>>> print(open('model.cif').read())   # mmCIF, C-alpha atoms and all ligand atoms
data_entry
#
loop_
_atom_site.label_atom_id
_atom_site.label_comp_id
_atom_site.auth_asym_id
_atom_site.auth_seq_id
_atom_site.Cartn_x
_atom_site.Cartn_y
_atom_site.Cartn_z
CA MET A 10 -12.06 -35.98 42.52
CA ALA A 11 -13.47 -34.44 39.35
CA GLU A 12 -17.12 -33.69 39.69
CA GLN A 13 -19.60 -35.82 37.78
CA PRO A 14 -21.27 -33.69 35.09
CA MET A 15 -24.87 -32.83 35.85
CA PRO A 16 -27.22 -33.88 32.99
CA LEU A 17 -28.45 -31.14 30.65
CA TRP A 18 -32.14 -30.53 29.86
CA GLU A 19 -33.73 -28.30 27.23
CA VAL A 20 -36.60 -26.17 28.51
CA PHE A 21 -39.78 -25.34 26.57
CA VAL A 22 -42.55 -23.13 27.94
CA ARG A 23 -46.12 -22.45 26.90
CA ALA A 24 -46.82 -18.79 27.62
CA ARG A 25 -50.59 -18.90 27.19
CA THR A 26 -53.23 -21.38 26.15
CA GLY A 27 -53.42 -21.59 22.38
CA LEU A 28 -49.67 -21.16 21.92
CA ALA A 29 -47.16 -23.91 21.26
CA HIS A 30 -44.37 -24.64 23.73
CA ARG A 31 -41.29 -22.65 22.79
CA HIS A 32 -37.65 -23.34 23.51
CA VAL A 33 -36.30 -20.88 26.09
CA GLY A 34 -32.98 -22.33 27.21
CA SER A 35 -31.52 -25.15 29.25
CA VAL A 36 -30.85 -26.24 32.82
CA HIS A 37 -28.67 -28.83 34.54
CA ALA A 38 -30.40 -31.25 36.89
CA PRO A 39 -30.03 -34.86 38.05
CA ASP A 40 -33.54 -35.92 37.04
CA ALA A 41 -36.68 -34.74 35.25
CA GLU A 42 -38.45 -33.65 38.42
CA MET A 43 -35.59 -31.42 39.55
CA ALA A 44 -35.13 -30.17 35.98
CA LEU A 45 -38.75 -28.98 36.05
CA GLN A 46 -38.19 -27.18 39.35
CA ALA A 47 -34.96 -25.58 38.12
CA ALA A 48 -36.67 -24.55 34.87
CA ARG A 49 -39.48 -22.94 36.83
CA ASP A 50 -37.06 -20.95 38.99
CA THR A 51 -34.82 -20.00 36.09
CA TYR A 52 -37.22 -19.19 33.28
CA THR A 53 -40.60 -18.33 34.80
CA ARG A 54 -40.13 -15.81 37.60
CA ARG A 55 -42.63 -13.35 36.11
CA GLY A 56 -45.61 -15.30 34.87
CA GLU A 57 -43.97 -16.32 31.59
CA ALA A 58 -45.54 -19.76 31.56
CA ILE A 59 -48.59 -21.87 32.20
CA SER A 60 -46.79 -25.09 31.29
CA ILE A 61 -43.18 -26.30 31.07
CA TRP A 62 -41.60 -29.22 29.22
CA VAL A 63 -38.11 -30.45 29.98
CA VAL A 64 -36.37 -32.82 27.57
CA PRO A 65 -32.97 -34.46 28.02
CA SER A 66 -30.68 -32.60 25.60
CA SER A 67 -29.20 -35.92 24.56
CA ALA A 68 -32.63 -36.99 23.24
CA ILE A 69 -32.66 -34.28 20.59
CA THR A 70 -31.47 -35.06 17.07
CA ALA A 71 -30.66 -31.93 15.11
CA SER A 72 -30.09 -31.38 11.42
CA ASP A 73 -26.55 -30.46 10.44
CA PRO A 74 -26.15 -26.81 9.37
CA ALA A 75 -23.82 -28.09 6.62
CA ASP A 76 -26.82 -29.93 5.09
CA LYS A 77 -28.90 -26.78 5.03
CA ASP A 78 -28.83 -26.42 1.25
CA SER A 79 -29.61 -30.01 0.39
CA LEU A 80 -32.39 -30.16 3.01
CA PHE A 81 -34.15 -26.86 2.54
CA GLU A 82 -33.07 -25.35 -0.76
CA PRO A 83 -35.28 -27.60 -2.99
CA THR A 84 -38.40 -25.95 -1.55
CA ALA A 85 -37.30 -22.59 -2.97
CA SER A 86 -37.75 -23.85 -6.54
CA LYS A 87 -41.26 -25.23 -5.91
CA ILE A 88 -43.12 -21.99 -6.28
CA TYR A 89 -46.25 -23.92 -7.34
CA ARG A 90 -46.70 -24.77 -3.67
CA HIS A 91 -47.76 -21.19 -3.01
CA PRO A 92 -51.22 -19.77 -3.76
CA SER A 93 -49.75 -16.81 -5.63
CA PHE A 94 -48.56 -19.21 -8.37
CA TYR A 95 -52.15 -19.64 -9.65
CA GLU A 96 -53.92 -16.97 -11.59
CA ILE A 97 -57.62 -16.63 -10.93
CA PRO A 98 -59.70 -13.99 -12.79
CA GLU A 99 -60.63 -11.06 -10.62
CA GLU A 100 -64.37 -11.59 -11.32
CA VAL A 101 -64.22 -14.83 -9.36
CA GLY A 102 -63.59 -12.82 -6.22
CA HIS A 103 -61.51 -13.68 -3.19
CA MET A 104 -60.25 -17.23 -3.09
CA MET B 25 -22.41 -6.19 31.57
CA TYR B 26 -18.90 -6.71 32.64
CA THR B 27 -16.84 -7.18 29.51
CA GLN B 28 -13.77 -5.61 31.06
CA ALA B 29 -11.16 -8.33 30.64
CA LEU B 30 -11.95 -8.64 26.95
CA ASN B 31 -8.90 -6.52 26.59
CA GLU B 32 -6.60 -9.30 27.60
CA ARG B 33 -5.02 -11.59 25.11
CA ILE B 34 -7.06 -14.66 24.28
CA ASP B 35 -4.92 -17.70 25.00
CA GLY B 36 -4.71 -21.05 23.26
CA PRO B 37 -2.80 -22.23 20.22
CA ARG B 38 -2.97 -20.06 17.13
CA VAL B 39 -5.32 -21.55 14.57
CA VAL B 40 -4.80 -20.88 10.88
CA GLU B 41 -8.27 -20.51 9.41
CA ASP B 42 -9.36 -21.25 5.85
CA PRO B 43 -9.57 -17.78 4.21
CA GLU B 44 -12.65 -18.77 2.17
CA LYS B 45 -14.55 -19.88 5.27
CA LEU B 46 -13.44 -16.75 7.09
CA ALA B 47 -14.74 -14.54 4.29
CA ALA B 48 -18.06 -16.38 4.20
CA PHE B 49 -18.35 -16.02 7.98
CA GLN B 50 -17.64 -12.29 7.87
CA ALA B 51 -20.21 -11.91 5.07
CA ARG B 52 -22.84 -13.53 7.29
CA ILE B 53 -21.92 -11.16 10.14
CA ASP B 54 -22.03 -8.15 7.82
CA ALA B 55 -25.48 -9.23 6.62
CA GLU B 56 -26.61 -9.18 10.30
CA GLU B 57 -27.21 -12.94 10.29
CA LYS B 58 -27.01 -14.56 13.72
CA ILE B 59 -24.40 -17.25 14.24
CA GLU B 60 -25.84 -20.38 15.87
CA PRO B 61 -24.07 -23.07 17.94
CA ASN B 62 -23.37 -25.65 15.23
CA ASP B 63 -22.42 -23.13 12.52
CA TRP B 64 -18.83 -22.87 11.40
CA MET B 65 -17.01 -20.08 13.25
CA PRO B 66 -13.37 -19.02 13.55
CA GLU B 67 -11.67 -20.42 16.64
CA ALA B 68 -10.82 -16.91 17.83
CA TYR B 69 -14.51 -15.90 17.63
CA ARG B 70 -15.43 -18.94 19.71
CA ARG B 71 -12.75 -18.27 22.31
CA THR B 72 -13.63 -14.59 22.56
CA LEU B 73 -17.25 -15.50 23.15
CA VAL B 74 -16.52 -18.20 25.71
CA ARG B 75 -14.38 -15.74 27.60
CA GLN B 76 -16.82 -12.84 27.40
CA ILE B 77 -19.97 -14.82 28.15
CA SER B 78 -18.46 -16.80 31.01
CA GLN B 79 -16.92 -13.69 32.51
CA HIS B 80 -20.32 -12.09 32.32
CA ALA B 81 -21.91 -15.16 33.98
CA HIS B 82 -19.32 -15.17 36.78
CA SER B 83 -20.02 -11.47 37.36
CA GLU B 84 -23.74 -12.11 37.78
CA VAL B 85 -23.05 -14.89 40.29
CA VAL B 86 -20.37 -13.07 42.31
CA GLY B 87 -22.55 -9.96 42.12
CA MET B 88 -25.06 -11.63 44.42
CA LEU B 89 -22.56 -11.51 47.31
CA PRO B 90 -22.25 -7.76 48.04
CA GLU B 91 -26.05 -7.42 47.98
CA GLY B 92 -26.63 -10.59 49.97
CA ASN B 93 -24.68 -8.86 52.74
CA TRP B 94 -27.71 -6.62 53.42
CA LEU B 95 -30.55 -9.09 53.01
CA THR B 96 -31.03 -9.75 56.70
CA ARG B 97 -30.72 -6.06 57.55
CA ALA B 98 -33.00 -4.51 54.93
CA PRO B 99 -34.95 -1.70 56.65
CA THR B 100 -38.45 -2.97 55.78
CA LEU B 101 -40.09 -6.18 54.66
CA LYS B 102 -40.89 -4.57 51.30
CA ARG B 103 -37.24 -3.67 50.70
CA LYS B 104 -36.18 -7.13 51.80
CA ALA B 105 -38.57 -8.88 49.42
CA ALA B 106 -37.46 -6.64 46.54
CA LEU B 107 -33.78 -7.20 47.25
CA LEU B 108 -34.30 -10.94 47.51
CA ALA B 109 -36.09 -10.96 44.15
CA LYS B 110 -33.33 -8.89 42.57
CA ILE B 111 -30.60 -11.19 43.86
CA GLN B 112 -32.54 -14.20 42.61
CA ASP B 113 -32.71 -12.55 39.19
CA GLU B 114 -28.93 -12.13 39.19
CA GLY B 115 -28.54 -15.84 39.88
CA GLY B 116 -30.90 -16.46 36.95
CA HIS B 117 -28.81 -14.17 34.73
CA GLY B 118 -25.74 -16.19 35.60
CA LEU B 119 -27.57 -19.39 34.61
CA TYR B 120 -28.82 -18.02 31.24
CA LEU B 121 -25.28 -16.96 30.45
CA TYR B 122 -23.58 -20.18 31.54
CA ALA B 123 -26.06 -22.03 29.31
CA ALA B 124 -25.18 -19.75 26.39
CA ALA B 125 -21.44 -20.33 26.95
CA GLU B 126 -21.98 -24.08 27.09
CA THR B 127 -23.36 -24.05 23.54
CA LEU B 128 -19.78 -23.21 22.48
CA GLY B 129 -18.46 -26.53 23.72
CA VAL B 130 -17.31 -25.75 27.25
CA SER B 131 -18.87 -27.53 30.24
CA ARG B 132 -20.48 -25.95 33.28
CA GLU B 133 -18.01 -27.77 35.50
CA GLU B 134 -15.05 -26.29 33.60
CA LEU B 135 -16.53 -22.81 33.85
CA TYR B 136 -17.05 -23.09 37.62
CA GLU B 137 -13.54 -24.44 37.98
CA GLN B 138 -12.16 -21.41 36.10
CA LEU B 139 -13.99 -19.05 38.44
CA LEU B 140 -13.15 -20.86 41.67
CA SER B 141 -9.47 -21.32 40.82
CA GLY B 142 -9.19 -17.59 40.18
CA LYS B 143 -8.25 -18.16 36.53
CA ALA B 144 -11.37 -16.46 35.19
CA LYS B 145 -12.14 -12.81 35.75
CA TYR B 146 -15.37 -11.19 36.83
CA SER B 147 -16.34 -7.54 36.98
CA SER B 148 -14.09 -5.42 39.19
CA ILE B 149 -17.13 -3.70 40.72
CA PHE B 150 -18.04 -6.65 42.92
CA ASN B 151 -14.75 -6.46 44.78
CA TYR B 152 -15.91 -3.38 46.67
CA PRO B 153 -17.64 -3.74 50.05
CA THR B 154 -21.24 -2.76 50.84
CA LEU B 155 -20.75 -0.75 54.02
CA THR B 156 -24.20 0.79 54.51
CA TRP B 157 -27.77 0.32 53.29
CA ALA B 158 -27.20 3.23 50.88
CA ASP B 159 -24.70 1.01 49.05
CA ILE B 160 -27.61 -1.23 48.06
CA GLY B 161 -29.30 1.84 46.58
CA CYS B 162 -26.11 2.77 44.72
CA ILE B 163 -25.63 -0.75 43.37
CA GLY B 164 -29.12 -0.84 41.88
CA TRP B 165 -28.95 2.69 40.56
CA LEU B 166 -25.34 2.80 39.30
CA VAL B 167 -24.13 -0.78 38.88
CA ASP B 168 -27.32 -2.09 37.32
CA GLY B 169 -27.62 1.20 35.43
CA ALA B 170 -24.16 0.69 33.93
CA ALA B 171 -25.04 -2.93 33.23
CA ILE B 172 -28.12 -1.84 31.28
CA MET B 173 -26.04 0.53 29.13
CA ASN B 174 -23.71 -2.31 28.34
CA GLN B 175 -26.34 -4.98 27.90
CA ILE B 176 -28.85 -3.30 25.62
CA PRO B 177 -26.50 -3.33 22.61
CA LEU B 178 -25.56 -6.91 23.48
CA CYS B 179 -29.16 -7.93 22.70
CA ARG B 180 -28.09 -7.52 19.06
CA THR B 181 -24.77 -9.32 19.42
CA SER B 182 -23.94 -11.68 16.55
CA TYR B 183 -24.01 -14.95 18.52
CA GLY B 184 -27.62 -16.13 18.76
CA PRO B 185 -27.66 -17.81 22.20
CA TYR B 186 -25.84 -14.85 23.78
CA ALA B 187 -28.23 -12.35 22.18
CA ARG B 188 -31.25 -14.33 23.40
CA ALA B 189 -29.86 -14.54 26.94
CA MET B 190 -29.28 -10.79 26.89
CA ILE B 191 -32.85 -10.08 25.81
CA ARG B 192 -34.17 -12.02 28.81
CA ILE B 193 -31.72 -10.25 31.11
CA CYS B 194 -32.51 -6.76 29.84
CA LYS B 195 -36.21 -7.31 30.49
CA GLU B 196 -35.38 -7.92 34.15
CA GLU B 197 -32.77 -5.23 34.73
CA SER B 198 -35.06 -2.24 34.70
CA PHE B 199 -36.66 -3.28 37.99
CA HIS B 200 -33.20 -3.57 39.53
CA GLN B 201 -32.23 -0.04 38.66
CA ARG B 202 -35.56 1.45 39.70
CA GLN B 203 -35.53 -0.28 43.10
CA GLY B 204 -32.01 1.08 43.68
CA TYR B 205 -32.93 4.61 42.71
CA GLU B 206 -36.00 4.46 44.91
CA ILE B 207 -33.79 3.51 47.88
CA MET B 208 -31.62 6.56 47.11
CA LEU B 209 -34.71 8.76 46.83
CA ALA B 210 -36.01 7.63 50.20
CA LEU B 211 -32.65 8.34 51.83
CA CYS B 212 -32.27 11.73 50.14
CA ARG B 213 -35.75 12.77 51.28
CA GLY B 214 -35.02 11.56 54.81
CA THR B 215 -33.00 12.98 57.69
CA PRO B 216 -29.70 14.84 57.10
CA GLU B 217 -27.92 11.72 58.36
CA GLN B 218 -29.70 9.58 55.79
CA LYS B 219 -28.87 11.99 53.01
CA ALA B 220 -25.23 12.06 54.12
CA MET B 221 -25.24 8.27 53.97
CA ALA B 222 -26.52 8.43 50.38
CA GLN B 223 -23.81 10.95 49.45
CA ASP B 224 -21.11 8.82 51.07
CA ALA B 225 -22.22 5.78 49.09
CA LEU B 226 -22.23 7.75 45.83
CA ASN B 227 -18.72 9.00 46.63
CA ARG B 228 -17.50 5.43 46.94
CA TRP B 229 -19.38 3.87 44.00
CA TRP B 230 -19.13 6.55 41.32
CA TRP B 231 -15.62 5.88 40.07
CA PRO B 232 -15.78 2.08 40.29
CA ALA B 233 -19.04 2.30 38.30
CA LEU B 234 -17.28 4.25 35.53
CA MET B 235 -14.54 1.61 35.50
CA MET B 236 -17.14 -1.08 34.78
CA PHE B 237 -17.02 -0.15 31.11
CA GLY B 238 -13.41 -1.29 30.92
CA PRO B 239 -10.20 0.46 29.89
CA PRO B 240 -10.24 3.48 27.58
CA ASP B 241 -10.51 2.77 23.86
CA SER B 242 -6.89 3.80 23.38
CA GLU B 243 -5.84 0.78 25.47
CA SER B 244 -8.43 -1.75 24.34
CA VAL B 245 -6.67 -4.49 22.42
CA HIS B 246 -9.68 -6.41 21.20
CA THR B 247 -12.33 -3.80 20.69
CA GLU B 248 -11.72 -3.50 16.96
CA GLN B 249 -11.99 -7.23 16.24
CA SER B 250 -15.01 -7.59 18.53
CA MET B 251 -16.71 -4.72 16.71
CA ARG B 252 -15.94 -6.29 13.32
CA TRP B 253 -17.53 -9.54 14.51
CA LYS B 254 -20.41 -7.53 15.94
CA ILE B 255 -19.94 -9.10 19.35
CA LYS B 256 -19.62 -5.53 20.58
CA ARG B 257 -21.54 -2.64 19.04
CA PHE B 258 -20.12 0.31 20.96
CA THR B 259 -16.67 0.99 22.39
CA ASN B 260 -15.96 1.21 26.12
CA ASP B 261 -15.67 5.00 26.03
CA GLU B 262 -18.88 5.44 24.04
CA LEU B 263 -20.83 3.41 26.58
CA ARG B 264 -19.19 5.17 29.52
CA GLN B 265 -20.18 8.55 28.09
CA LYS B 266 -23.78 7.43 27.58
CA PHE B 267 -23.86 6.29 31.20
CA VAL B 268 -22.47 9.56 32.54
CA ASP B 269 -24.93 11.58 30.44
CA ALA B 270 -27.85 9.56 31.74
CA THR B 271 -26.74 9.46 35.37
CA VAL B 272 -25.60 12.99 36.21
CA PRO B 273 -29.12 14.51 35.97
CA GLN B 274 -30.44 11.65 38.12
CA ALA B 275 -27.87 12.53 40.81
CA HIS B 276 -28.88 16.18 40.60
CA TYR B 277 -32.52 15.24 41.06
CA LEU B 278 -31.52 13.47 44.27
CA GLY B 279 -29.67 16.61 45.37
CA LEU B 280 -26.38 14.68 45.46
CA THR B 281 -22.97 15.79 44.23
CA ILE B 282 -20.99 13.65 41.80
CA PRO B 283 -17.53 13.26 43.39
CA ASP B 284 -15.69 14.72 40.41
CA PRO B 285 -14.46 18.34 40.65
CA GLU B 286 -13.82 18.39 36.91
CA LEU B 287 -17.32 17.36 35.90
CA ARG B 288 -18.86 19.97 33.60
CA TYR B 289 -21.57 20.19 31.00
CA ASP B 290 -20.31 20.72 27.46
CA GLU B 291 -22.89 22.92 25.73
CA ALA B 292 -21.45 22.30 22.27
CA THR B 293 -21.85 18.51 22.34
CA GLY B 294 -24.51 18.10 25.00
CA HIS B 295 -22.26 15.71 26.95
CA TRP B 296 -21.16 15.72 30.56
CA ARG B 297 -17.35 15.71 30.59
CA TYR B 298 -15.74 13.85 33.47
CA GLY B 299 -12.27 14.00 35.03
CA PRO B 300 -9.53 11.37 34.72
CA ILE B 301 -10.24 7.84 35.95
CA ASP B 302 -7.71 6.16 38.23
CA TRP B 303 -6.78 3.26 35.96
CA ASP B 304 -4.14 2.06 38.40
CA GLU B 305 -6.88 1.32 40.89
CA PHE B 306 -8.80 -0.53 38.16
CA LYS B 307 -5.76 -2.65 37.28
CA ARG B 308 -5.13 -3.46 40.95
CA VAL B 309 -8.70 -4.63 41.49
CA ILE B 310 -8.78 -6.69 38.27
CA ALA B 311 -5.45 -8.26 39.22
CA GLY B 312 -6.94 -9.52 42.49
CA PHE B 313 -5.98 -6.80 44.95
CA GLY B 314 -9.27 -4.98 45.45
CA PRO B 315 -10.79 -4.65 48.93
CA CYS B 316 -12.88 -7.85 48.69
CA ASN B 317 -11.38 -10.12 46.01
CA ARG B 318 -10.30 -12.79 48.50
CA GLU B 319 -13.53 -12.66 50.42
CA ARG B 320 -15.66 -13.04 47.27
CA LEU B 321 -13.78 -16.05 45.96
CA ALA B 322 -13.65 -17.62 49.39
CA ALA B 323 -17.44 -17.27 49.69
CA ARG B 324 -18.00 -18.84 46.25
CA ARG B 325 -15.63 -21.71 47.01
CA LYS B 326 -17.29 -22.38 50.35
CA ALA B 327 -20.75 -22.42 48.76
CA HIS B 328 -19.55 -24.75 46.00
CA GLU B 329 -17.84 -27.14 48.42
CA GLU B 330 -20.70 -27.19 50.88
CA GLY B 331 -23.14 -27.95 48.08
CA ARG B 332 -21.07 -30.80 46.72
CA TRP B 333 -22.70 -33.54 48.81
CA VAL B 334 -26.14 -32.33 47.71
CA ARG B 335 -25.21 -32.55 44.02
CA GLU B 336 -23.66 -35.98 44.52
CA ALA B 337 -26.63 -37.26 46.49
CA ALA B 338 -29.08 -35.96 43.88
CA ILE B 339 -27.22 -37.72 41.08
CA ALA B 340 -26.97 -40.94 43.11
CA HIS B 341 -30.69 -40.78 43.93
CA ALA B 342 -31.63 -40.24 40.28
CA GLU B 343 -29.43 -43.16 39.27
CA LYS B 344 -30.95 -45.44 41.92
CA ARG B 345 -34.45 -44.56 40.82
CA ARG B 346 -33.62 -45.24 37.19
CA MET B 347 -32.26 -48.67 38.11
CA ARG B 348 -35.34 -49.46 40.18
CA GLU B 349 -37.67 -48.46 37.38
CA ARG B 350 -35.73 -50.57 34.91
CA ALA B 351 -35.90 -53.60 37.24
CA GLN B 352 -39.66 -53.17 37.64
CA ARG B 353 -40.10 -52.92 33.89
CA LEU B 354 -38.07 -56.07 33.32
CA ALA B 355 -40.02 -57.94 36.01
CA ALA B 356 -43.31 -56.94 34.38
CA GLU B 357 -42.27 -58.18 30.94
FE FE C 401 -27.90 -9.09 36.10
FE FE C 402 -29.29 -6.59 37.77
#
>>> encode(input="model.cif", output="structure tokens")
Amino acid sequence: MAEQPMPLWEVFVRARTGLAHRHVGSVHAPDAEMALQAARDTYTRRGEAISIWVVPSSAITASDPADKDSLFEPTASKIYRHPSFYEIPEEVGHM
Amino acid sequence: MYTQALNERIDGPRVVEDPEKLAAFQARIDAEEKIEPNDWMPEAYRRTLVRQISQHAHSEVVGMLPEGNWLTRAPTLKRKAALLAKIQDEGGHGLYLYAAAETLGVSREELYEQLLSGKAKYSSIFNYPTLTWADIGCIGWLVDGAAIMNQIPLCRTSYGPYARAMIRICKEESFHQRQGYEIMLALCRGTPEQKAMAQDALNRWWWPALMMFGPPDSESVHTEQSMRWKIKRFTNDELRQKFVDATVPQAHYLGLTIPDPELRYDEATGHWRYGPIDWDEFKRVIAGFGPCNRERLAARRKAHEEGRWVREAAIAHAEKRRMRERAQRLAAE
């Protein structure tokens, strides 16, 4: 009998307080509780984390790399969104 | 580590790729851009990676067996704890790598099946037996040492998930090599019998360790393409030479003799030149006829079969709990 595939979970860890959780990899596990345990054993054997999130991989919606240009290119032409676009006389000082 | 069988032909139907897409892909590689899972990639690039990464993962997993052989007989509690931690790391390395391979569209179950059926290869080095405690020293020192040589350039490999897995792995390998060398040091500073045991282990592991880098460049079918795709950054022979240059002085420090009568220092180039490698032995071991091939696969199959009921029960339990929670939610509404 072919084996039933074990669900896939994405693992995020917070290394220190003040930092955001960061994606580190994935694990297979039947449920969230076991996914957390597997993530701990797999990704945090040397004090790499103070907190772990596991998320079912199937719950993630990703942008399509083929849409990269239409999604992100328009921001390149909007240079007025950056502070360097505005000229302020030097006498005004740091702003 | 363990990219030996890269030299075999990659199977599967030939795919004719769009030349424009191919050129754009190569341009990304040349610009040192990382390729990510959903990006377009040539089928041959994907297959090469699946093969290399999964072979690497299998090697990490099978590699736990020869060391596991000495866990219960480690000479002190400290050595036992260190060895246990190292073996656990190797299991972790296997998992990072399986996860990286899975991003290329192959399932974990398929990968296990390829290993257990004997279809997939793993590093030839793990088909040698660990006869004495000194073998554990030699594995850490030489086998992990060779792995480090191989793995450091792989941290810059062109496929993002593989490169990231390698960075994690490299961070952990240094402890493995140091604990092995320390075992060798203790033996070499011990009684004459202990030192003889260390020498005997070096005699047995030296040549198989050199074979870990794979066939000579003159016989490597895929090296050129893998280098163009920046999957590989150095050839087999280049890495082997780096390893020999790094390792010979370490052996001398231990007061041990490298079992190679032709070994000599080349003043002009600053390299240690080694004698011919027995490639027939290498081919025999890769083909399944090494001293422990059967035993290793049998042990993996047994572990997989004996764990089956646990996996099935865990899935059934998770399913039951989900159903129960859903029923409670419905009842509450
Ligand atoms: Fe490893
Ligand atoms: Fe290791």
>>> interface_residues(input="model.cif", of="chain A", to="chain B", cutoff="12 Å", atoms="only C-alpha atoms", output="VMD selection string")
chain A and resid 10 to 20 32 to 44 47 to 55 57 66 71 to 77
>>> residues_around(input="model.cif", residues="Leu178 of chain B", least_positions_apart="5", cutoff="9 Å", atoms="all atoms listed in the file", output="ChimeraX atom specification")
/B:25,186-187,190-191,255-257
>>> residues_near_ligand(input="model.cif", ligand="ligand FE 402 (chain C)", cutoff="6 Å", atoms="all atoms listed in the file", output="MDAnalysis selection string")
chainID B and resid 114 168 197 200
>>> atom_distance(input="model.cif", atom1="atom CA of Leu89 of chain B", atom2="atom CA of Leu209 of chain B")
23.6 Å
>>> atom_distance(input="model.cif", atom1="atom CA of Arg325 of chain B", atom2="atom CA of Val85 of chain B")
12.1 Å
>>> residues_around(input="model.cif", residues="segment 87-93 of chain A", least_positions_apart="4", cutoff="12 Å", atoms="all atoms listed in the file", output="list in words")
Phe81, Glu82, Pro83, Ile97, His103 and Met104 of chain A
>>> atom_distance(input="model.cif", atom1="atom CA of Ala68 of chain A", atom2="atom CA of Ala125 of chain B")
20.4 Å
>>> residues_around(input="model.cif", residues="segment 35-50 of chain B", least_positions_apart="4", cutoff="7 Å", atoms="all atoms listed in the file", output="ChimeraX atom specification")
/B:54,65-67
>>> residues_around(input="model.cif", residues="segment 281-296 of chain B", least_positions_apart="4", cutoff="9 Å", atoms="only C-alpha atoms", output="ChimeraX atom specification")
/B:223,226-228,230-231,265-266,268-269,272,275-276,300
>>> closest_residue(input="model.cif", among="B:Asn260, B:Ser78, B:Thr154, B:Ser83", to="ligand FE 401 (chain C)", atoms="all atoms listed in the file")
B:Ser83
>>> closest_residue(input="model.cif", among="B:Ala81, B:Leu140, B:Val245, B:Ile160", to="Lys104 of chain B", atoms="only C-alpha atoms")
B:Ile160
>>> residues_around(input="model.cif", residues="Glu56 of chain B", least_positions_apart="6", cutoff="12 Å", atoms="only C-alpha atoms", output="ChimeraX atom specification")
/B:49-50,180-184,252-255
>>> closest_residue(input="model.cif", among="B:Arg264, B:Asp302, B:Ser244, B:Leu280", to="Cys212 of chain B", atoms="all atoms listed in the file")
B:Leu280
>>> decode(input="model.cif", residues="segment 48-89 of chain A", atoms="C-alpha atoms", output="short mmCIF file (atom, residue, chain, number, x, y, z; two decimals), in the first residue's frame")
data_model
loop_
_atom_site.label_atom_id
_atom_site.label_comp_id
_atom_site.auth_asym_id
_atom_site.auth_seq_id
_atom_site.Cartn_x
_atom_site.Cartn_y
_atom_site.Cartn_z
CA ALA A 48 10.59 22.09 13.95
CA ARG A 49 12.24 22.45 17.34
CA ASP A 50 14.37 19.34 16.81
CA THR A 51 15.23 20.20 13.23
CA TYR A 52 15.85 23.93 13.29
CA THR A 53 16.73 24.95 16.84
CA ARG A 54 19.38 22.61 18.22
CA ARG A 55 21.73 25.47 19.16
CA GLY A 56 19.67 28.22 20.71
CA GLU A 57 18.52 29.65 17.37
CA ALA A 58 15.05 30.51 18.62
CA ILE A 59 12.92 31.85 21.41
CA SER A 60 9.70 31.26 19.50
CA ILE A 61 8.54 29.07 16.60
CA TRP A 62 5.57 29.35 14.24
CA VAL A 63 4.44 26.49 12.05
CA VAL A 64 1.99 27.13 9.22
CA PRO A 65 0.43 24.54 6.90
CA SER A 66 2.22 25.03 3.57
CA SER A 67 -1.12 24.73 1.82
CA ALA A 68 -2.32 27.88 3.65
CA ILE A 69 0.26 30.08 1.94
CA THR A 70 -0.66 31.99 -1.20
CA ALA A 71 2.39 33.14 -3.12
CA SER A 72 2.77 35.65 -5.92
CA ASP A 73 3.71 34.20 -9.29
CA PRO A 74 7.32 34.94 -10.34
CA ALA A 75 5.95 35.53 -13.86
CA ASP A 76 3.98 38.51 -12.49
CA LYS A 77 7.09 40.04 -10.97
CA ASP A 78 7.27 42.92 -13.43
CA SER A 79 3.63 43.91 -13.32
CA LEU A 80 3.55 43.65 -9.51
CA PHE A 81 6.79 45.29 -8.50
CA GLU A 82 8.16 47.22 -11.46
CA PRO A 83 5.76 50.23 -11.13
CA THR A 84 7.42 51.19 -7.83
CA ALA A 85 10.73 51.74 -9.63
CA SER A 86 9.29 54.72 -11.54
CA LYS A 87 7.89 56.39 -8.41
CA ILE A 88 11.06 58.02 -7.26
CA TYR A 89 9.03 60.74 -5.48
#
